[in-house]
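Visitor: Provided below: input.txt, containing compact mmCIF, C-alpha atoms.
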# COMPACT_ATOMS: atom_id res chain seq x y z
CA MET A 1 0.65 -109.98 0.71
CA SER A 2 -2.82 -111.44 0.08
CA LYS A 3 -3.17 -115.17 -0.46
CA ALA A 4 -3.97 -116.39 -3.95
CA PRO A 5 -7.23 -118.36 -4.19
CA PRO A 6 -6.93 -122.14 -4.60
CA PRO A 7 -7.52 -123.64 -8.05
CA LYS A 8 -11.13 -124.17 -9.09
CA GLY A 9 -12.52 -127.31 -7.53
CA VAL A 10 -9.88 -127.47 -4.78
CA ARG A 11 -10.87 -126.46 -1.26
CA SER A 12 -8.53 -124.22 0.69
CA MET A 13 -6.77 -125.68 3.73
CA SER A 14 -8.47 -123.21 6.11
CA SER A 15 -11.95 -123.98 4.70
CA LEU A 16 -11.31 -127.70 4.91
CA ALA A 17 -10.06 -127.50 8.49
CA ALA A 18 -13.06 -125.45 9.61
CA GLU A 19 -15.64 -127.73 8.03
CA PHE A 20 -14.22 -130.98 9.31
CA ALA A 21 -12.93 -129.85 12.71
CA GLY A 22 -13.66 -132.43 15.35
CA GLN A 23 -14.48 -135.23 12.90
CA ASP A 24 -12.72 -138.57 12.73
CA ASN A 25 -9.15 -137.97 11.60
CA GLU A 26 -9.10 -141.35 9.84
CA ARG A 27 -11.85 -140.27 7.44
CA GLU A 28 -10.62 -139.77 3.87
CA ILE A 29 -12.25 -136.71 2.28
CA GLU A 30 -12.84 -136.97 -1.46
CA ILE A 31 -13.50 -134.52 -4.29
CA THR A 32 -13.61 -134.78 -8.06
CA GLN A 33 -11.43 -132.43 -10.09
CA LYS A 34 -11.48 -132.53 -13.91
CA GLY A 35 -12.84 -136.06 -13.81
CA LEU A 36 -10.16 -137.28 -11.38
CA ARG A 37 -10.95 -138.63 -7.93
CA LEU A 38 -8.78 -136.84 -5.37
CA VAL A 39 -8.51 -137.83 -1.71
CA PHE A 40 -7.14 -135.70 1.13
CA ILE A 41 -4.42 -137.83 2.75
CA SER A 42 -2.38 -137.10 5.88
CA PHE A 43 1.37 -136.90 5.30
CA SER A 44 1.83 -139.32 8.21
CA LYS A 45 0.35 -142.07 6.01
CA ILE A 46 2.71 -141.50 3.07
CA CYS A 47 6.29 -142.79 2.84
CA GLN A 48 8.95 -141.80 0.36
CA PHE A 49 9.37 -143.99 -2.71
CA ALA A 50 11.83 -146.79 -1.94
CA GLY A 51 15.09 -146.13 -3.78
CA HIS A 52 13.95 -142.69 -4.92
CA PRO A 53 16.67 -141.66 -7.42
CA PHE A 54 16.15 -137.89 -7.13
CA ARG A 55 17.43 -135.66 -4.32
CA LEU A 56 15.05 -133.45 -2.39
CA TYR A 57 15.36 -129.71 -2.94
CA ILE A 58 17.61 -127.82 -0.54
CA GLY A 59 18.69 -124.22 -0.06
CA GLU A 60 16.94 -121.41 -1.91
CA ARG A 61 14.86 -123.73 -4.06
CA LEU A 62 13.37 -125.38 -0.98
CA SER A 63 12.86 -122.04 0.79
CA ASP A 64 10.98 -120.65 -2.23
CA MET A 65 8.70 -123.68 -2.33
CA VAL A 66 7.99 -123.48 1.41
CA GLU A 67 7.07 -119.80 1.14
CA SER A 68 4.84 -120.45 -1.88
CA ILE A 69 3.01 -123.20 -0.01
CA ARG A 70 2.56 -120.97 3.02
CA GLN A 71 0.96 -118.36 0.79
CA ASN A 72 -1.07 -120.55 -1.56
CA GLY A 73 -1.09 -124.09 -0.25
CA ILE A 74 -0.13 -127.14 -2.34
CA LEU A 75 -1.81 -126.37 -5.66
CA MET A 76 -1.03 -129.51 -7.63
CA PRO A 77 -2.23 -132.87 -6.21
CA LEU A 78 0.30 -135.46 -5.15
CA MET A 79 0.35 -138.85 -6.82
CA ILE A 80 0.66 -141.86 -4.53
CA ARG A 81 0.11 -145.62 -4.69
CA ARG A 82 -1.55 -147.77 -2.09
CA ILE A 83 0.72 -150.26 -0.32
CA LEU A 84 -0.69 -153.21 1.60
CA ASP A 85 2.28 -154.47 3.57
CA GLY A 86 0.82 -154.02 7.05
CA GLY A 87 3.48 -151.46 7.93
CA VAL A 88 3.30 -147.95 9.33
CA TYR A 89 2.37 -146.32 6.02
CA ASP A 90 -0.68 -146.87 3.83
CA TYR A 91 0.70 -145.11 0.74
CA GLU A 92 3.98 -144.61 -1.13
CA MET A 93 4.86 -141.37 -2.90
CA LEU A 94 5.13 -141.34 -6.69
CA SER A 95 4.98 -137.62 -7.49
CA GLY A 96 5.30 -134.87 -4.92
CA HIS A 97 8.27 -135.70 -2.71
CA ASN A 98 9.37 -132.06 -2.64
CA ARG A 99 5.84 -130.72 -2.22
CA MET A 100 5.25 -132.99 0.77
CA ASN A 101 8.60 -132.09 2.31
CA ALA A 102 8.01 -128.36 1.84
CA GLY A 103 4.41 -128.72 3.02
CA GLN A 104 5.54 -130.35 6.26
CA ILE A 105 8.05 -127.55 6.83
CA ALA A 106 5.26 -125.04 6.15
CA GLY A 107 3.15 -126.70 8.83
CA LEU A 108 0.61 -128.58 6.70
CA ASP A 109 -0.74 -131.96 7.78
CA GLY A 110 -1.71 -133.37 4.41
CA ALA A 111 -2.60 -132.72 0.78
CA TRP A 112 -4.96 -133.74 -2.04
CA CYS A 113 -3.73 -136.93 -3.69
CA LEU A 114 -4.45 -139.02 -6.74
CA ILE A 115 -4.26 -142.65 -5.62
CA LYS A 116 -2.92 -145.25 -8.06
CA GLU A 117 -3.96 -148.85 -7.52
CA GLY A 118 -2.30 -152.06 -8.62
CA LEU A 119 0.95 -150.62 -9.97
CA SER A 120 3.95 -152.90 -10.29
CA ASP A 121 7.27 -151.70 -8.90
CA THR A 122 8.48 -151.11 -12.47
CA GLU A 123 5.43 -149.01 -13.36
CA ALA A 124 5.75 -147.08 -10.09
CA LEU A 125 9.39 -146.25 -10.88
CA MET A 126 8.35 -145.00 -14.32
CA TYR A 127 5.84 -142.64 -12.70
CA VAL A 128 8.56 -141.34 -10.35
CA VAL A 129 11.01 -140.69 -13.19
CA GLU A 130 8.52 -139.21 -15.64
CA THR A 131 6.99 -136.79 -13.14
CA ASN A 132 10.42 -135.54 -12.15
CA MET A 133 11.50 -135.12 -15.78
CA LEU A 134 8.39 -133.06 -16.48
CA GLN A 135 9.53 -130.58 -13.85
CA ARG A 136 13.28 -130.50 -14.45
CA SER A 137 15.71 -130.16 -17.31
CA PHE A 138 18.08 -133.09 -17.80
CA SER A 139 21.03 -130.69 -17.72
CA ASP A 140 19.96 -129.51 -14.26
CA LEU A 141 20.02 -133.00 -12.76
CA LEU A 142 22.76 -134.17 -10.41
CA PRO A 143 25.16 -136.80 -11.81
CA SER A 144 23.50 -139.63 -9.88
CA GLU A 145 20.07 -138.51 -11.11
CA LYS A 146 21.27 -138.49 -14.72
CA ALA A 147 22.67 -141.98 -14.20
CA ALA A 148 19.35 -143.27 -12.82
CA VAL A 149 17.30 -141.78 -15.66
CA LEU A 150 19.62 -143.10 -18.38
CA ALA A 151 19.78 -146.54 -16.72
CA LEU A 152 15.99 -146.78 -16.74
CA ARG A 153 15.76 -145.77 -20.38
CA TYR A 154 18.46 -148.23 -21.36
CA SER A 155 16.97 -151.14 -19.41
CA GLU A 156 14.79 -153.92 -20.77
CA MET A 157 11.90 -152.95 -18.49
CA PHE A 158 11.34 -149.58 -20.15
CA SER A 159 8.17 -149.44 -22.24
CA GLN A 160 7.65 -146.49 -24.57
CA GLY A 161 3.96 -147.29 -24.85
CA LYS A 162 3.49 -147.27 -21.09
CA ARG A 163 5.48 -144.06 -20.84
CA ASN A 164 3.17 -142.35 -23.33
CA ASP A 165 0.16 -143.40 -21.23
CA ILE A 166 1.80 -141.95 -18.13
CA LEU A 167 2.60 -138.66 -19.85
CA ARG A 168 -0.99 -138.28 -21.04
CA GLU A 169 -2.24 -138.89 -17.51
CA LEU A 170 0.21 -136.40 -16.01
CA LYS A 171 -0.71 -133.81 -18.61
CA ALA A 172 -4.40 -134.22 -17.69
CA LEU A 173 -3.57 -133.90 -13.99
CA GLU A 174 -1.67 -130.68 -14.62
CA GLY A 175 -4.55 -129.27 -16.62
CA GLY A 176 -2.97 -129.58 -20.06
CA GLY A 177 -0.04 -127.61 -21.42
CA GLU A 178 3.18 -128.71 -23.00
CA THR A 179 5.47 -131.13 -21.26
CA CYS A 180 9.13 -130.32 -20.91
CA GLY A 181 12.39 -132.00 -20.06
CA SER A 182 11.04 -135.39 -21.13
CA ASP A 183 11.99 -135.81 -24.75
CA PHE A 184 13.56 -139.26 -24.39
CA HIS A 185 13.10 -141.84 -27.08
CA LYS A 186 13.62 -145.50 -26.40
CA SER A 187 16.75 -146.94 -27.92
CA LYS A 188 19.14 -149.71 -26.99
CA ASN A 189 21.89 -147.81 -28.79
CA ARG A 190 23.93 -145.67 -26.41
CA ASP A 191 24.94 -143.22 -29.12
CA THR A 192 21.32 -142.59 -30.10
CA LEU A 193 20.19 -142.35 -26.48
CA GLY A 194 23.00 -139.92 -25.69
CA GLY A 195 22.20 -137.82 -28.74
CA ASP A 196 18.94 -136.71 -27.12
CA TYR A 197 20.97 -134.98 -24.41
CA ASP A 198 24.17 -133.99 -26.15
CA LEU A 199 26.02 -136.96 -24.68
CA THR A 200 28.37 -139.30 -26.52
CA GLY A 201 27.93 -143.06 -26.36
CA ARG A 202 30.96 -143.18 -24.05
CA GLN A 203 29.41 -140.65 -21.68
CA VAL A 204 26.19 -142.66 -21.57
CA ALA A 205 28.24 -145.77 -20.80
CA ASN A 206 29.95 -143.92 -17.95
CA TYR A 207 26.62 -142.88 -16.44
CA LEU A 208 25.36 -146.45 -16.71
CA ARG A 209 28.42 -147.57 -14.77
CA VAL A 210 27.87 -144.88 -12.15
CA ASN A 211 24.42 -146.32 -11.53
CA GLN A 212 26.20 -149.44 -10.22
CA LEU A 213 27.62 -147.44 -7.31
CA LEU A 214 26.12 -147.72 -3.85
CA ASP A 215 23.95 -144.75 -2.97
CA CYS A 216 26.42 -143.56 -0.33
CA LEU A 217 29.11 -143.13 -3.01
CA ARG A 218 26.68 -141.55 -5.46
CA LEU A 219 26.12 -138.93 -2.77
CA LYS A 220 29.88 -138.30 -2.76
CA LEU A 221 29.70 -137.82 -6.54
CA ASP A 222 26.83 -135.35 -6.22
CA ALA A 223 28.78 -133.51 -3.51
CA LYS A 224 31.72 -133.20 -5.96
CA LEU A 225 34.01 -135.29 -3.77
CA LEU A 226 34.32 -137.70 -6.71
CA THR A 227 34.68 -136.93 -10.40
CA LEU A 228 32.66 -138.90 -12.91
CA ALA A 229 35.82 -140.75 -13.94
CA SER A 230 36.58 -141.65 -10.31
CA ALA A 231 33.00 -142.84 -9.81
CA VAL A 232 33.31 -145.07 -12.89
CA SER A 233 36.50 -146.66 -11.48
CA LEU A 234 34.88 -147.32 -8.10
CA SER A 235 31.75 -148.77 -9.71
CA TYR A 236 33.73 -151.91 -10.57
CA LEU A 237 34.37 -152.64 -6.88
CA SER A 238 32.34 -155.16 -4.92
CA ARG A 239 29.73 -153.93 -2.47
CA GLU A 240 32.03 -154.67 0.47
CA ASN A 241 34.92 -152.78 -1.12
CA GLN A 242 32.67 -149.83 -1.96
CA LEU A 243 31.56 -149.66 1.68
CA ALA A 244 35.22 -149.66 2.74
CA VAL A 245 35.94 -146.79 0.32
CA PHE A 246 32.98 -144.83 1.66
CA ALA A 247 34.12 -145.31 5.26
CA GLY A 248 37.68 -144.35 4.34
CA MET A 249 36.52 -141.20 2.53
CA ASN A 250 34.59 -140.14 5.61
CA ARG A 251 37.85 -140.24 7.59
CA TYR A 252 39.82 -138.53 4.82
CA PRO A 253 37.29 -135.93 3.59
CA ARG A 254 39.08 -134.62 0.54
CA LYS A 255 38.21 -134.89 -3.11
CA MET A 256 39.50 -138.17 -4.48
CA SER A 257 41.64 -137.84 -7.59
CA ASP A 258 41.08 -139.98 -10.66
CA ALA A 259 44.49 -141.58 -10.09
CA GLN A 260 43.56 -142.51 -6.51
CA ALA A 261 40.29 -144.08 -7.62
CA ALA A 262 42.05 -146.04 -10.35
CA GLY A 263 44.67 -147.11 -7.81
CA LEU A 264 42.01 -148.37 -5.39
CA ARG A 265 40.38 -150.34 -8.18
CA LYS A 266 43.71 -151.95 -9.03
CA LEU A 267 44.45 -152.64 -5.38
CA ALA A 268 41.07 -154.33 -4.95
CA GLU A 269 42.02 -156.82 -7.66
CA THR A 270 44.61 -158.38 -5.34
CA GLU A 271 43.20 -157.77 -1.85
CA SER A 272 40.01 -156.85 -0.02
CA LEU A 273 39.85 -153.21 0.91
CA THR A 274 39.45 -152.12 4.51
CA GLU A 275 38.52 -148.75 5.94
CA GLN A 276 42.00 -148.25 7.39
CA GLY A 277 43.62 -149.52 4.20
CA VAL A 278 41.69 -146.98 2.14
CA VAL A 279 42.68 -144.15 4.50
CA ASP A 280 46.34 -145.17 4.33
CA PHE A 281 46.18 -145.39 0.53
CA LEU A 282 44.56 -141.96 0.17
CA ARG A 283 47.22 -140.43 2.39
CA ASN A 284 50.12 -142.24 0.72
CA PRO A 285 49.09 -143.77 -2.61
CA LYS A 286 51.09 -146.80 -3.64
CA PRO A 287 53.11 -146.46 -6.84
CA SER A 288 50.93 -147.40 -9.78
CA GLY A 289 53.83 -148.65 -11.91
CA PRO A 290 57.44 -148.00 -13.02
CA LYS A 291 58.40 -144.41 -13.60
CA ALA A 292 59.95 -143.23 -16.84
CA VAL A 293 63.66 -142.51 -16.61
CA SER A 294 65.35 -139.95 -18.83
CA ILE A 295 68.85 -140.88 -19.99
CA GLY A 296 71.17 -138.04 -20.88
CA ARG A 297 72.71 -137.67 -24.32
CA SER A 298 76.24 -138.00 -22.87
CA LEU A 299 75.46 -141.54 -21.69
CA TYR A 300 74.25 -142.53 -25.15
CA TYR A 301 77.48 -141.20 -26.64
CA THR A 302 79.34 -143.71 -24.48
CA TYR A 303 77.85 -146.40 -26.70
CA PHE A 304 77.20 -144.57 -29.97
CA LYS A 305 79.34 -142.40 -32.17
CA PRO A 306 78.42 -138.71 -31.88
CA GLY A 307 75.99 -137.76 -34.62
CA THR A 308 74.31 -141.19 -34.76
CA PRO A 309 70.54 -140.67 -35.34
CA LYS A 310 68.31 -141.57 -32.33
CA LYS A 311 66.54 -144.13 -34.48
CA LYS A 312 69.79 -146.11 -34.62
CA TRP A 313 70.05 -146.11 -30.80
CA ASN A 314 67.22 -148.65 -30.56
CA GLU A 315 68.42 -150.72 -33.49
CA SER A 316 72.08 -151.12 -32.56
CA SER A 317 73.64 -153.57 -30.15
CA VAL A 318 74.60 -151.99 -26.86
CA ARG A 319 78.43 -151.96 -26.90
CA PRO A 320 80.61 -149.04 -25.85
CA TRP A 321 82.08 -146.89 -28.59
CA PRO A 322 84.83 -146.93 -29.61
CA TYR A 323 84.47 -150.73 -29.63
CA ILE A 324 86.48 -152.53 -26.99
CA SER A 325 88.03 -155.82 -27.90
CA ASP A 326 86.84 -158.86 -25.95
CA ARG A 327 90.42 -160.05 -25.84
Write the structure described by the file as structure tokens, please.
Guide:
Amino acid sequence: MSKAPPPKGVRSMSSLAAEFAGQDNEREIEITQKGLRLVFISFSKICQFAGHPFRLYIGERLSDMVESIRQNGILMPLMIRRILDGGVYDYEMLSGHNRMNAGQIAGLDGAWCLIKEGLSDTEALMYVVETNMLQRSFSDLLPSEKAAVLALRYSEMFSQGKRNDILRELKALEGGGETCGSDFHKSKNRDTLGGDYDLTGRQVANYLRVNQLLDCLRLKLDAKLLTLASAVSLSYLSRENQLAVFAGMNRYPRKMSDAQAAGLRKLAETESLTEQGVVDFLRNPKPSGPKAVSIGRSLYYTYFKPGTPKKKWNESSVRPWPYISDR
């Protein structure tokens, strides 16, 4: 299969390597594409976004991307921000986590990047979320990803005006075209926010609670070892208790039932959870309350005349029938 030519204005990896072979590896090569300044940056200088709420592609989706990159290279520039913390990395990824991961697997050393300067952490997170929502449908997201997106939109830090600026910039970077999967509208009302994605206000509230889970337990949710209802119950636990639940689940690797999660939440109200305590509970859950007892009709007839309506059973004094004299 012949390789597709790179987009206009973007040099191919082979051409770039041949021209700059033997030159200083620290040199940053620049080009201008559609009025944007792009810089070729080594992957070794770029770290993943801290607290990245989206999971990297795996399986067939990752394999397809790796093969595409092997054939055509990374066609769309990455978006990164400069970090000046004196650490190992010079840049932090905003858009292109999967492209960088697939590019490394395909054997590439770097990619063209658009460098953002002076972004706050809040603005950087908005770039991360918006770029992912341009590429994915909300319905295709994992539960933890849905929770992160909804939590951002529901938070005080979300700015619709800033989001519109970001979307215009991303559209220009992609070369125009319609955006997709990003039809959120700011609202502090959970019912209205949920309406954009066929969710009820209660479902939105549940996802907002799930976002309070530690990442290790959100991974369990994404792996279907927790239901959404179980995740909501566990989200009320303290950080220490959540860590104990995570450790216990690793030793008892079965899907946790909603009743077990609710039981652990109730147990945590009276005592601190431990790894061993969670394992013991999952193996032998403690009774959650008194069980209902069914009383046979014959026993009732000891106290009530046959034919007495059931409604009268709760209204009458409990004395055997026929009445027995106290004397």
Visitor: Just the number, please: distance in Å from CA of Ser238 (chain A) to CA of Met126 (chain A), one decimal.
Guide: 27.7 Å
Visitor: Could you give me, as a PyMOL selection string, the residues that sit within 7 Å of (-0.9, -141.6, -2.8) in the file's coordinates, counting all atoms listed in the file?
Guide: chain A and resi 46+78-82+91-93+113-116
Visitor: So, counting all atoms listed in the file, which residue among A:Gly59, A:Pro309, A:Pro77, A:Pro53 is closest to Thr32 (chain A)?
Guide: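 Ranking A:Gly59, A:Pro309, A:Pro77, A:Pro53 by distance to Thr32 (chain A), first place goes to A:Pro77.
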Visitor: Set the distance at 6 Å and use all atoms listed in the file: which residues neighbour region 224-226 of chain A once local chain neighbours fewer than 3 positions away are removed? I'd like the list as number ranges by chain.
Guide: A: 220-221, 230, 255-256
Visitor: Grab the CA of Leu94 (chain A) to CA of Asn206 (chain A) distance for me, in Å with one decimal place.
Guide: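 Going from CA of Leu94 (chain A) over to CA of Asn206 (chain A) covers 27.4 Å.
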Visitor: Extract, using only C-alpha atoms, all DNA, RNA and protein residues at most 7 Å from Ile69 (chain A), discarding same-chain residues fewer than 4 positions from it, and format them as a PyMOL selection string.
Guide: chain A and resi 65+73-74+103+106
Visitor: Take the residues that were just selected and, keeping C-alpha atoms, output them as a short mmCIF file (atom, residue, chain, number, x, y, z; two decimals), keeping the file's coordinate frame.
Guide:
data_model
loop_
_atom_site.label_atom_id
_atom_site.label_comp_id
_atom_site.auth_asym_id
_atom_site.auth_seq_id
_atom_site.Cartn_x
_atom_site.Cartn_y
_atom_site.Cartn_z
CA MET A 65 8.70 -123.68 -2.33
CA GLY A 73 -1.09 -124.09 -0.25
CA ILE A 74 -0.13 -127.14 -2.34
CA GLY A 103 4.41 -128.72 3.02
CA ALA A 106 5.26 -125.04 6.15
#
Visitor: What does the distance between CA of Tyr127 (chain A) and CA of Leu84 (chain A) come to in Å, to one decimal place?
Guide: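 CA of Tyr127 (chain A) sits 18.9 Å away from CA of Leu84 (chain A).
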Visitor: In terms of the shortest atom-to-atom distance over all atoms listed in the file, which of A:Leu208, A:Leu167, A:Leu234, A:Ala50 is closest to Ser144 (chain A)?
Guide: A:Leu208
Visitor: Calculated over all atoms listed in the file, which of the candidates A:Glu145, A:Asp121, A:Asp90, A:Asp64 has the smallest distance to Ile105 (chain A)?
Guide: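 Once distances to Ile105 (chain A) are computed over all atoms listed in the file, the minimum belongs to A:Asp64.
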Visitor: Name the residues in contact with Glu240 (chain A) at a cut-off of 9 Å, using only C-alpha atoms, excluding same-chain residues fewer than 2 positions from it; report them as a ChimeraX atom specification.
Guide: /A:237-238,242-245,272-274
Visitor: Find the residue from A:Leu152, A:Leu219, A:Val88, A:Leu141 that sits nearest to Thr122 (chain A); use only C-alpha atoms when measuring.
Guide: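 Using only C-alpha atoms, the shortest distance to Thr122 (chain A) belongs to A:Leu152.
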Visitor: From the options A:Gln276, A:Asn98, A:Ser42, A:Gln104, which residue's atoms come nearest to Tyr252 (chain A), counting all atoms listed in the file?
Guide: A:Gln276
Visitor: Please determine, counting only C-alpha atoms, which residue among A:Trp112, A:Tyr154, A:Phe43, A:Tyr207 has the shortest atom-to-atom distance to Ala229 (chain A).
Guide: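 Result for the nearest residue to Ala229 (chain A): A:Tyr207.
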